[in-house]
>>> print(open('my_file-v8.cif').read())   # mmCIF, C-alpha atoms; chains and numbers go by the auth columns
data_work
#
loop_
_atom_site.group_PDB
_atom_site.id
_atom_site.type_symbol
_atom_site.label_atom_id
_atom_site.label_comp_id
_atom_site.label_asym_id
_atom_site.label_seq_id
_atom_site.Cartn_x
_atom_site.Cartn_y
_atom_site.Cartn_z
_atom_site.B_iso_or_equiv
_atom_site.auth_seq_id
_atom_site.auth_asym_id
ATOM 1 C CA MET A 1 68.184 88.331 81.347 0.00 24 A
ATOM 2 C CA PRO A 2 70.490 88.936 84.349 0.00 25 A
ATOM 3 C CA ASN A 3 71.734 86.047 86.490 0.00 26 A
ATOM 4 C CA PHE A 4 71.172 87.919 89.720 0.00 27 A
ATOM 5 C CA GLY A 5 68.212 88.977 91.768 0.00 28 A
ATOM 6 C CA LYS A 6 67.237 91.662 94.235 0.00 29 A
ATOM 7 C CA ALA A 7 69.105 89.906 97.024 0.00 30 A
ATOM 8 C CA ASP A 8 72.347 90.083 95.017 0.00 31 A
ATOM 9 C CA LEU A 9 71.886 93.807 94.452 0.00 32 A
ATOM 10 C CA LEU A 10 71.135 94.402 98.115 0.00 33 A
ATOM 11 C CA GLN A 11 74.178 92.310 99.085 0.00 34 A
ATOM 12 C CA PHE A 12 76.310 94.493 96.790 0.00 35 A
ATOM 13 C CA ALA A 13 75.006 97.685 98.420 0.00 36 A
ATOM 14 C CA LEU A 14 75.500 96.221 101.899 0.00 37 A
ATOM 15 C CA GLY A 15 79.098 95.301 101.049 0.00 38 A
ATOM 16 C CA ALA A 16 79.685 98.867 99.866 0.00 39 A
ATOM 17 C CA ALA A 17 78.279 100.253 103.142 0.00 40 A
ATOM 18 C CA GLU A 18 80.486 97.938 105.211 0.00 41 A
ATOM 19 C CA SER A 19 83.538 98.891 103.142 0.00 42 A
ATOM 20 C CA GLU A 20 82.735 102.594 103.523 0.00 43 A
ATOM 21 C CA TYR A 21 82.444 102.177 107.309 0.00 44 A
ATOM 22 C CA LYS A 22 85.886 100.548 107.427 0.00 45 A
ATOM 23 C CA GLU A 23 87.379 103.407 105.393 0.00 46 A
ATOM 24 C CA LEU A 24 85.686 106.027 107.557 0.00 47 A
ATOM 25 C CA SER A 25 86.967 104.303 110.709 0.00 48 A
ATOM 26 C CA ASP A 26 90.490 104.227 109.270 0.00 49 A
ATOM 27 C CA THR A 27 90.177 107.941 108.449 0.00 50 A
ATOM 28 C CA TRP A 28 89.080 108.623 112.048 0.00 51 A
ATOM 29 C CA ARG A 29 92.226 106.909 113.362 0.00 52 A
ATOM 30 C CA MET A 30 94.458 108.688 110.826 0.00 53 A
ATOM 31 C CA LEU A 31 93.049 112.100 111.821 0.00 54 A
ATOM 32 C CA ASP A 32 93.694 111.343 115.491 0.00 55 A
ATOM 33 C CA ALA A 33 97.280 110.262 114.725 0.00 56 A
ATOM 34 C CA LYS A 34 97.916 113.462 112.760 0.00 57 A
ATOM 35 C CA ALA A 35 96.417 115.565 115.554 0.00 58 A
ATOM 36 C CA GLN A 36 98.686 113.838 118.089 0.00 59 A
ATOM 37 C CA ALA A 37 101.741 114.519 115.923 0.00 60 A
ATOM 38 C CA THR A 38 100.735 118.154 115.430 0.00 61 A
ATOM 39 C CA THR A 39 100.294 118.561 119.189 0.00 62 A
ATOM 40 C CA ALA A 40 103.724 117.040 119.812 0.00 63 A
ATOM 41 C CA VAL A 41 105.473 119.290 117.285 0.00 64 A
ATOM 42 C CA SER A 42 103.723 122.396 118.629 0.00 65 A
ATOM 43 C CA GLY A 43 104.573 121.389 122.188 0.00 66 A
ATOM 44 C CA ILE A 44 108.237 120.958 121.276 0.00 67 A
ATOM 45 C CA PHE A 45 108.267 124.417 119.678 0.00 68 A
ATOM 46 C CA VAL A 46 106.759 125.938 122.838 0.00 69 A
ATOM 47 C CA ALA A 47 109.277 124.158 125.077 0.00 70 A
ATOM 48 C CA VAL A 48 112.222 125.295 122.943 0.00 71 A
ATOM 49 C CA ALA A 49 110.957 128.874 122.852 0.00 72 A
ATOM 50 C CA LEU A 50 110.485 128.992 126.618 0.00 73 A
ATOM 51 C CA ALA A 51 113.885 127.412 127.274 0.00 74 A
ATOM 52 C CA TYR A 52 115.538 129.881 124.910 0.00 75 A
ATOM 53 C CA MET A 53 113.886 132.821 126.617 0.00 76 A
ATOM 54 C CA ARG A 54 114.843 131.503 130.058 0.00 77 A
ATOM 55 C CA ASP A 55 118.493 131.054 129.038 0.00 78 A
ATOM 56 C CA GLY A 56 119.016 134.657 127.977 0.00 79 A
ATOM 57 C CA GLY A 57 117.611 134.651 124.463 0.00 80 A
ATOM 58 C CA ALA A 58 115.100 137.264 125.488 0.00 81 A
ATOM 59 C CA THR A 59 117.783 139.931 125.665 0.00 82 A
ATOM 60 C CA VAL A 60 118.998 139.139 122.139 0.00 83 A
ATOM 61 C CA LEU A 61 115.497 139.172 120.744 0.00 84 A
ATOM 62 C CA ARG A 62 113.892 141.933 122.834 0.00 85 A
ATOM 63 C CA ASP A 63 113.340 143.973 119.681 0.00 86 A
ATOM 64 C CA TYR A 64 111.215 141.172 118.288 0.00 87 A
ATOM 65 C CA ARG A 65 108.926 140.611 121.262 0.00 88 A
ATOM 66 C CA ALA A 66 105.781 141.123 119.200 0.00 89 A
ATOM 67 C CA LEU A 67 106.851 138.417 116.752 0.00 90 A
ATOM 68 C CA ILE A 68 107.741 136.082 119.606 0.00 91 A
ATOM 69 C CA VAL A 69 104.364 136.675 121.257 0.00 92 A
ATOM 70 C CA LEU A 70 102.622 136.008 117.929 0.00 93 A
ATOM 71 C CA THR A 71 104.656 132.796 117.541 0.00 94 A
ATOM 72 C CA LEU A 72 103.677 131.562 120.990 0.00 95 A
ATOM 73 C CA LEU A 73 100.030 132.453 120.352 0.00 96 A
ATOM 74 C CA ALA A 74 100.081 130.567 117.040 0.00 97 A
ATOM 75 C CA LEU A 75 101.596 127.545 118.802 0.00 98 A
ATOM 76 C CA LEU A 76 98.994 127.718 121.554 0.00 99 A
ATOM 77 C CA VAL A 77 96.209 127.910 118.963 0.00 100 A
ATOM 78 C CA SER A 78 97.733 124.929 117.171 0.00 101 A
ATOM 79 C CA VAL A 79 97.764 122.838 120.346 0.00 102 A
ATOM 80 C CA VAL A 80 94.224 123.834 121.311 0.00 103 A
ATOM 81 C CA LEU A 81 92.798 123.056 117.861 0.00 104 A
ATOM 82 C CA ALA A 82 94.618 119.714 117.696 0.00 105 A
ATOM 83 C CA VAL A 83 93.285 118.757 121.132 0.00 106 A
ATOM 84 C CA VAL A 84 89.766 119.792 120.113 0.00 107 A
ATOM 85 C CA SER A 85 90.197 117.565 117.065 0.00 108 A
ATOM 86 C CA MET A 86 91.040 114.649 119.361 0.00 109 A
ATOM 87 C CA LEU A 87 88.186 115.183 121.823 0.00 110 A
ATOM 88 C CA VAL A 88 86.164 112.064 122.491 0.00 111 A
ATOM 89 C CA ARG A 89 83.013 112.117 120.418 0.00 112 A
ATOM 90 C CA THR A 90 80.028 109.832 120.395 0.00 113 A
ATOM 91 C CA VAL A 91 79.308 108.409 116.971 0.00 114 A
ATOM 92 C CA PRO A 92 76.903 105.644 116.055 0.00 115 A
ATOM 93 C CA MET A 93 78.397 102.187 116.024 0.00 116 A
ATOM 94 C CA ALA A 94 78.097 99.724 113.196 0.00 117 A
ATOM 95 C CA PRO A 95 74.999 97.563 113.457 0.00 118 A
ATOM 96 C CA SER A 96 75.598 94.981 116.153 0.00 119 A
ATOM 97 C CA SER A 97 76.042 91.287 115.543 0.00 120 A
ATOM 98 C CA GLU A 98 73.423 90.671 118.231 0.00 121 A
ATOM 99 C CA ASN A 99 70.879 92.584 116.159 0.00 122 A
ATOM 100 C CA ALA A 100 71.844 90.619 113.022 0.00 123 A
ATOM 101 C CA LEU A 101 71.539 87.343 114.920 0.00 124 A
ATOM 102 C CA ALA A 102 68.094 88.298 116.224 0.00 125 A
ATOM 103 C CA MET A 103 66.900 89.085 112.687 0.00 126 A
ATOM 104 C CA VAL A 104 68.338 85.823 111.358 0.00 127 A
ATOM 105 C CA LYS A 105 66.724 83.829 114.180 0.00 128 A
ATOM 106 C CA ASP A 106 63.422 85.405 113.201 0.00 129 A
ATOM 107 C CA LEU A 107 63.988 84.238 109.614 0.00 130 A
ATOM 108 C CA VAL A 108 64.919 80.618 110.313 0.00 131 A
ATOM 109 C CA VAL A 109 61.622 79.911 112.058 0.00 132 A
ATOM 110 C CA ARG A 110 59.657 81.016 108.977 0.00 133 A
ATOM 111 C CA PRO A 111 58.498 78.560 106.348 0.00 134 A
ATOM 112 C CA ASP A 112 61.061 77.901 103.592 0.00 135 A
ATOM 113 C CA THR A 113 58.722 79.389 101.015 0.00 136 A
ATOM 114 C CA GLU A 114 59.077 82.813 102.668 0.00 137 A
ATOM 115 C CA LEU A 115 62.874 82.786 102.995 0.00 138 A
ATOM 116 C CA ASP A 116 63.747 84.476 99.687 0.00 139 A
ATOM 117 C CA ASP A 117 61.473 87.443 100.321 0.00 140 A
ATOM 118 C CA ARG A 118 62.450 87.612 103.975 0.00 141 A
ATOM 119 C CA TYR A 119 66.155 87.457 103.082 0.00 142 A
ATOM 120 C CA GLU A 120 65.742 90.451 100.781 0.00 143 A
ATOM 121 C CA GLY A 121 63.986 92.265 103.625 0.00 144 A
ATOM 122 C CA LEU A 122 66.804 91.342 106.002 0.00 145 A
ATOM 123 C CA LEU A 123 69.392 92.725 103.597 0.00 146 A
ATOM 124 C CA GLY A 124 67.375 95.900 103.055 0.00 147 A
ATOM 125 C CA ASP A 125 66.861 96.453 106.783 0.00 148 A
ATOM 126 C CA THR A 126 70.544 95.865 107.488 0.00 149 A
ATOM 127 C CA LEU A 127 71.558 98.268 104.746 0.00 150 A
ATOM 128 C CA GLU A 128 69.167 100.899 106.124 0.00 151 A
ATOM 129 C CA SER A 129 70.803 100.560 109.540 0.00 152 A
ATOM 130 C CA TRP A 130 74.284 101.127 108.049 0.00 153 A
ATOM 131 C CA LEU A 131 73.479 104.317 106.142 0.00 154 A
ATOM 132 C CA PRO A 132 72.936 106.715 109.094 0.00 155 A
ATOM 133 C CA VAL A 133 76.007 105.287 110.836 0.00 156 A
ATOM 134 C CA ASN A 134 78.221 106.064 107.855 0.00 157 A
ATOM 135 C CA GLN A 135 76.626 109.470 107.367 0.00 158 A
ATOM 136 C CA ALA A 136 77.281 110.445 111.000 0.00 159 A
ATOM 137 C CA LEU A 137 80.857 109.144 110.909 0.00 160 A
ATOM 138 C CA ARG A 138 81.529 110.996 107.636 0.00 161 A
ATOM 139 C CA ALA A 139 80.251 114.248 109.174 0.00 162 A
ATOM 140 C CA THR A 140 82.291 113.761 112.355 0.00 163 A
ATOM 141 C CA ASN A 141 85.414 113.041 110.323 0.00 164 A
ATOM 142 C CA GLY A 142 84.804 116.255 108.396 0.00 165 A
ATOM 143 C CA ARG A 143 84.637 118.269 111.616 0.00 166 A
ATOM 144 C CA LYS A 144 87.772 116.563 112.983 0.00 167 A
ATOM 145 C CA ALA A 145 89.592 117.318 109.733 0.00 168 A
ATOM 146 C CA ASP A 146 88.533 120.986 109.909 0.00 169 A
ATOM 147 C CA TRP A 147 89.896 121.360 113.461 0.00 170 A
ATOM 148 C CA LEU A 148 93.103 119.572 112.481 0.00 171 A
ATOM 149 C CA ARG A 149 93.528 121.720 109.365 0.00 172 A
ATOM 150 C CA GLY A 150 93.278 124.847 111.519 0.00 173 A
ATOM 151 C CA SER A 151 95.828 123.409 113.916 0.00 174 A
ATOM 152 C CA GLN A 152 98.273 122.621 111.132 0.00 175 A
ATOM 153 C CA ILE A 153 97.849 126.049 109.535 0.00 176 A
ATOM 154 C CA SER A 154 98.531 127.651 112.913 0.00 177 A
ATOM 155 C CA LEU A 155 101.646 125.482 113.283 0.00 178 A
ATOM 156 C CA LEU A 156 102.826 126.595 109.843 0.00 179 A
ATOM 157 C CA VAL A 157 102.299 130.238 110.813 0.00 180 A
ATOM 158 C CA ALA A 158 104.329 129.649 113.984 0.00 181 A
ATOM 159 C CA ALA A 159 107.109 127.978 111.998 0.00 182 A
ATOM 160 C CA ALA A 160 107.192 130.908 109.602 0.00 183 A
ATOM 161 C CA LEU A 161 107.332 133.377 112.500 0.00 184 A
ATOM 162 C CA VAL A 162 110.168 131.409 114.136 0.00 185 A
ATOM 163 C CA SER A 163 112.048 131.578 110.842 0.00 186 A
ATOM 164 C CA VAL A 164 111.521 135.341 110.585 0.00 187 A
ATOM 165 C CA VAL A 165 112.596 135.934 114.193 0.00 188 A
ATOM 166 C CA THR A 166 115.658 133.735 113.693 0.00 189 A
ATOM 167 C CA LEU A 167 116.661 135.531 110.489 0.00 190 A
ATOM 168 C CA LEU A 168 116.135 138.941 112.096 0.00 191 A
ATOM 169 C CA GLY A 169 118.185 137.813 115.103 0.00 192 A
ATOM 170 C CA ILE A 170 121.018 136.611 112.867 0.00 193 A
ATOM 171 C CA CYS A 171 120.985 139.816 110.854 0.00 194 A
ATOM 172 C CA SER A 172 121.054 142.000 113.979 0.00 195 A
ATOM 173 C CA ILE A 173 124.034 140.102 115.454 0.00 196 A
ATOM 174 C CA SER A 174 126.173 140.588 112.333 0.00 197 A
#
>>> encode(input="my_file-v8.cif", output="structure tokens")
Amino acid sequence: MPNFGKADLLQFALGAAESEYKELSDTWRMLDAKAQATTAVSGIFVAVALAYMRDGGATVLRDYRALIVLTLLALLVSVVLAVVSMLVRTVPMAPSSENALAMVKDLVVRPDTELDDRYEGLLGDTLESWLPVNQALRATNGRKADWLRGSQISLLVAAALVSVVTLLGICSIS
């Protein structure tokens, strides 16, 4: 016969939900940090390209205008997708401590004979309030990751195009 009851099982599930929320929140922050870095790198590429063109590089690379335009478009797409990834979104918050306190206050005024059953109900209700929060945050993280992935792919395309233009420019100078 097990040494634990329903309350222990519910407490285990509640702990898992709280742990998942913490991980999902950490993932949210990590995705934002990566989007910020991707935006910075893309922005630096754009600034370098524009400075190069302004300082006479356009005459050296006039034969490669199409590649340069594609590079700038890829960088622009990268910045836009990274910014979209970082847009402020409304997601459900973890169940509030005020709500937990209200439920506990309701329990402590009950007769002691009802506490075990009521405690199990409290754990179950709390767990039920965590599940949609985690589900919504998981879905939002997935969308953020998709936007960021597109941004990073676009940045990689731009980097490849810069490499091609640079190699072509070196070969044409020789």
>>> resolve_selection(input="my_file-v8.cif", expression="the PyMOL selection byres ((chain A and resi 61) around 12)", output="JSON, numbers by chain")
{"A": [54, 55, 56, 57, 58, 59, 60, 62, 63, 64, 65, 66, 67, 68, 98, 99, 100, 101, 102, 103, 104, 105, 106, 108, 109, 170, 171, 172, 173, 174, 175, 176, 177, 178, 179]}
>>> write_last_selection(input="my_file-v8.cif", atoms="C-alpha atoms", output="compact mmCIF listing (two decimals), in the frame of the given file")
# COMPACT_ATOMS: atom_id res chain seq x y z
CA LEU A 54 93.05 112.10 111.82
CA ASP A 55 93.69 111.34 115.49
CA ALA A 56 97.28 110.26 114.72
CA LYS A 57 97.92 113.46 112.76
CA ALA A 58 96.42 115.56 115.55
CA GLN A 59 98.69 113.84 118.09
CA ALA A 60 101.74 114.52 115.92
CA THR A 62 100.29 118.56 119.19
CA ALA A 63 103.72 117.04 119.81
CA VAL A 64 105.47 119.29 117.28
CA SER A 65 103.72 122.40 118.63
CA GLY A 66 104.57 121.39 122.19
CA ILE A 67 108.24 120.96 121.28
CA PHE A 68 108.27 124.42 119.68
CA LEU A 98 101.60 127.54 118.80
CA LEU A 99 98.99 127.72 121.55
CA VAL A 100 96.21 127.91 118.96
CA SER A 101 97.73 124.93 117.17
CA VAL A 102 97.76 122.84 120.35
CA VAL A 103 94.22 123.83 121.31
CA LEU A 104 92.80 123.06 117.86
CA ALA A 105 94.62 119.71 117.70
CA VAL A 106 93.28 118.76 121.13
CA SER A 108 90.20 117.56 117.06
CA MET A 109 91.04 114.65 119.36
CA TRP A 170 89.90 121.36 113.46
CA LEU A 171 93.10 119.57 112.48
CA ARG A 172 93.53 121.72 109.36
CA GLY A 173 93.28 124.85 111.52
CA SER A 174 95.83 123.41 113.92
CA GLN A 175 98.27 122.62 111.13
CA ILE A 176 97.85 126.05 109.54
CA SER A 177 98.53 127.65 112.91
CA LEU A 178 101.65 125.48 113.28
CA LEU A 179 102.83 126.60 109.84
>>> atom_distance(input="my_file-v8.cif", atom1="CA of Val107 (chain A)", atom2="CA of Glu43 (chain A)")
24.9 Å
>>> closest_atom_pairs(input="my_file-v8.cif", of="region 79-173 of chain A", to="region 182-189 of chain A", cutoff="8 Å", atoms="all atoms listed in the file", output="tab-separated table")
residue	atom	partner	partner_atom	distance
A:Leu84	CA	A:Val188	CA	7.9
A:Tyr87	CA	A:Val188	CA	6.8
A:Leu90	CA	A:Leu184	CA	6.6
A:Ile91	CA	A:Val188	CA	7.3
A:Leu93	CA	A:Leu184	CA	7.7
A:Thr94	CA	A:Leu184	CA	5.7
>>> residues_around(input="my_file-v8.cif", residues="Leu154 (chain A)", least_positions_apart="5", cutoff="12 Å", atoms="all atoms listed in the file", output="MDAnalysis selection string")
chainID A and resid 36:44 115:118 147:149 159:161
>>> closest_residue(input="my_file-v8.cif", among="A:Cys194, A:Val92, A:Asn157, A:Tyr142", to="Lys45 (chain A)", atoms="all atoms listed in the file")
A:Asn157
>>> atom_distance(input="my_file-v8.cif", atom1="CA of Ala97 (chain A)", atom2="CA of Val180 (chain A)")
6.6 Å
>>> atom_distance(input="my_file-v8.cif", atom1="CA of Gly144 (chain A)", atom2="CA of Val132 (chain A)")
15.1 Å
>>> resolve_selection(input="my_file-v8.cif", expression="the PyMOL selection byres ((chain A and resi 164) around 8)", output="list in words")
Leu47, Thr50, Trp51, Leu54, Leu160, Arg161, Ala162, Thr163, Gly165, Arg166, Lys167 and Ala168 of chain A
>>> closest_residue(input="my_file-v8.cif", among="A:Ala89, A:Met76, A:Val156, A:Leu95", to="Ser119 (chain A)", atoms="only C-alpha atoms")
A:Val156
>>> residues_around(input="my_file-v8.cif", residues="Glu143 (chain A)", least_positions_apart="3", cutoff="10 Å", atoms="only C-alpha atoms", output="count of residues only")
14
>>> axis_aligned_box(input="my_file-v8.cif", around="region 179-188 of chain A", padding_each_side="6 Å", output="JSON")
{"center_x": 107.4, "center_y": 131.3, "center_z": 111.9, "size_x": 22.3, "size_y": 21.3, "size_z": 16.6}
>>> closest_residue(input="my_file-v8.cif", among="A:Glu121, A:Arg141, A:Phe35, A:Ala181", to="Leu96 (chain A)", atoms="all atoms listed in the file")
A:Ala181
>>> decode(input="my_file-v8.cif", residues="region 43-64 of chain A", atoms="N, CA and C atoms", output="CSV table (one decimal), in the first residue's frame")
chain,number,residue,atom,x,y,z
A,43,GLU,N,7.3,23.9,-15.0
A,43,GLU,CA,7.2,24.2,-16.5
A,43,GLU,C,7.0,25.7,-16.8
A,44,TYR,N,6.2,26.4,-15.9
A,44,TYR,CA,6.0,27.8,-16.1
A,44,TYR,C,7.4,28.5,-16.0
A,45,LYS,N,8.2,28.2,-15.1
A,45,LYS,CA,9.5,28.8,-14.9
A,45,LYS,C,10.4,28.6,-16.2
A,46,GLU,N,10.4,27.3,-16.7
A,46,GLU,CA,11.1,27.0,-17.9
A,46,GLU,C,10.6,27.8,-19.1
A,47,LEU,N,9.3,27.9,-19.2
A,47,LEU,CA,8.7,28.6,-20.3
A,47,LEU,C,9.0,30.1,-20.3
A,48,SER,N,9.0,30.6,-19.1
A,48,SER,CA,9.4,32.0,-18.9
A,48,SER,C,10.8,32.3,-19.2
A,49,ASP,N,11.7,31.4,-18.8
A,49,ASP,CA,13.1,31.5,-19.2
A,49,ASP,C,13.3,31.4,-20.7
A,50,THR,N,12.5,30.5,-21.3
A,50,THR,CA,12.6,30.4,-22.8
A,50,THR,C,12.1,31.7,-23.5
A,51,TRP,N,11.1,32.3,-22.9
A,51,TRP,CA,10.6,33.6,-23.4
A,51,TRP,C,11.7,34.6,-23.4
A,52,ARG,N,12.4,34.7,-22.3
A,52,ARG,CA,13.5,35.7,-22.2
A,52,ARG,C,14.7,35.4,-23.1
A,53,MET,N,15.0,34.1,-23.2
A,53,MET,CA,16.1,33.7,-24.1
A,53,MET,C,15.7,34.0,-25.6
A,54,LEU,N,14.5,33.8,-26.0
A,54,LEU,CA,14.1,34.1,-27.4
A,54,LEU,C,14.2,35.6,-27.6
A,55,ASP,N,13.8,36.4,-26.6
A,55,ASP,CA,13.9,37.9,-26.8
A,55,ASP,C,15.4,38.3,-26.9
A,56,ALA,N,16.3,37.7,-26.1
A,56,ALA,CA,17.7,38.0,-26.1
A,56,ALA,C,18.3,37.7,-27.5
A,57,LYS,N,17.9,36.5,-28.0
A,57,LYS,CA,18.4,36.1,-29.3
A,57,LYS,C,17.9,37.0,-30.4
A,58,ALA,N,16.6,37.4,-30.3
A,58,ALA,CA,16.1,38.4,-31.3
A,58,ALA,C,16.8,39.7,-31.3
A,59,GLN,N,17.1,40.2,-30.1
A,59,GLN,CA,17.8,41.4,-29.9
A,59,GLN,C,19.2,41.3,-30.6
A,60,ALA,N,19.9,40.2,-30.3
A,60,ALA,CA,21.2,40.0,-30.9
A,60,ALA,C,21.1,39.9,-32.4
A,61,THR,N,20.1,39.2,-32.9
A,61,THR,CA,20.0,39.1,-34.4
A,61,THR,C,19.7,40.5,-35.0
A,62,THR,N,18.9,41.3,-34.4
A,62,THR,CA,18.6,42.6,-34.8
A,62,THR,C,19.9,43.5,-34.9
A,63,ALA,N,20.7,43.3,-33.8
A,63,ALA,CA,21.9,44.1,-33.8
A,63,ALA,C,22.9,43.7,-34.9
A,64,VAL,N,23.1,42.4,-35.1
A,64,VAL,CA,24.0,42.0,-36.1
A,64,VAL,C,23.5,42.4,-37.5
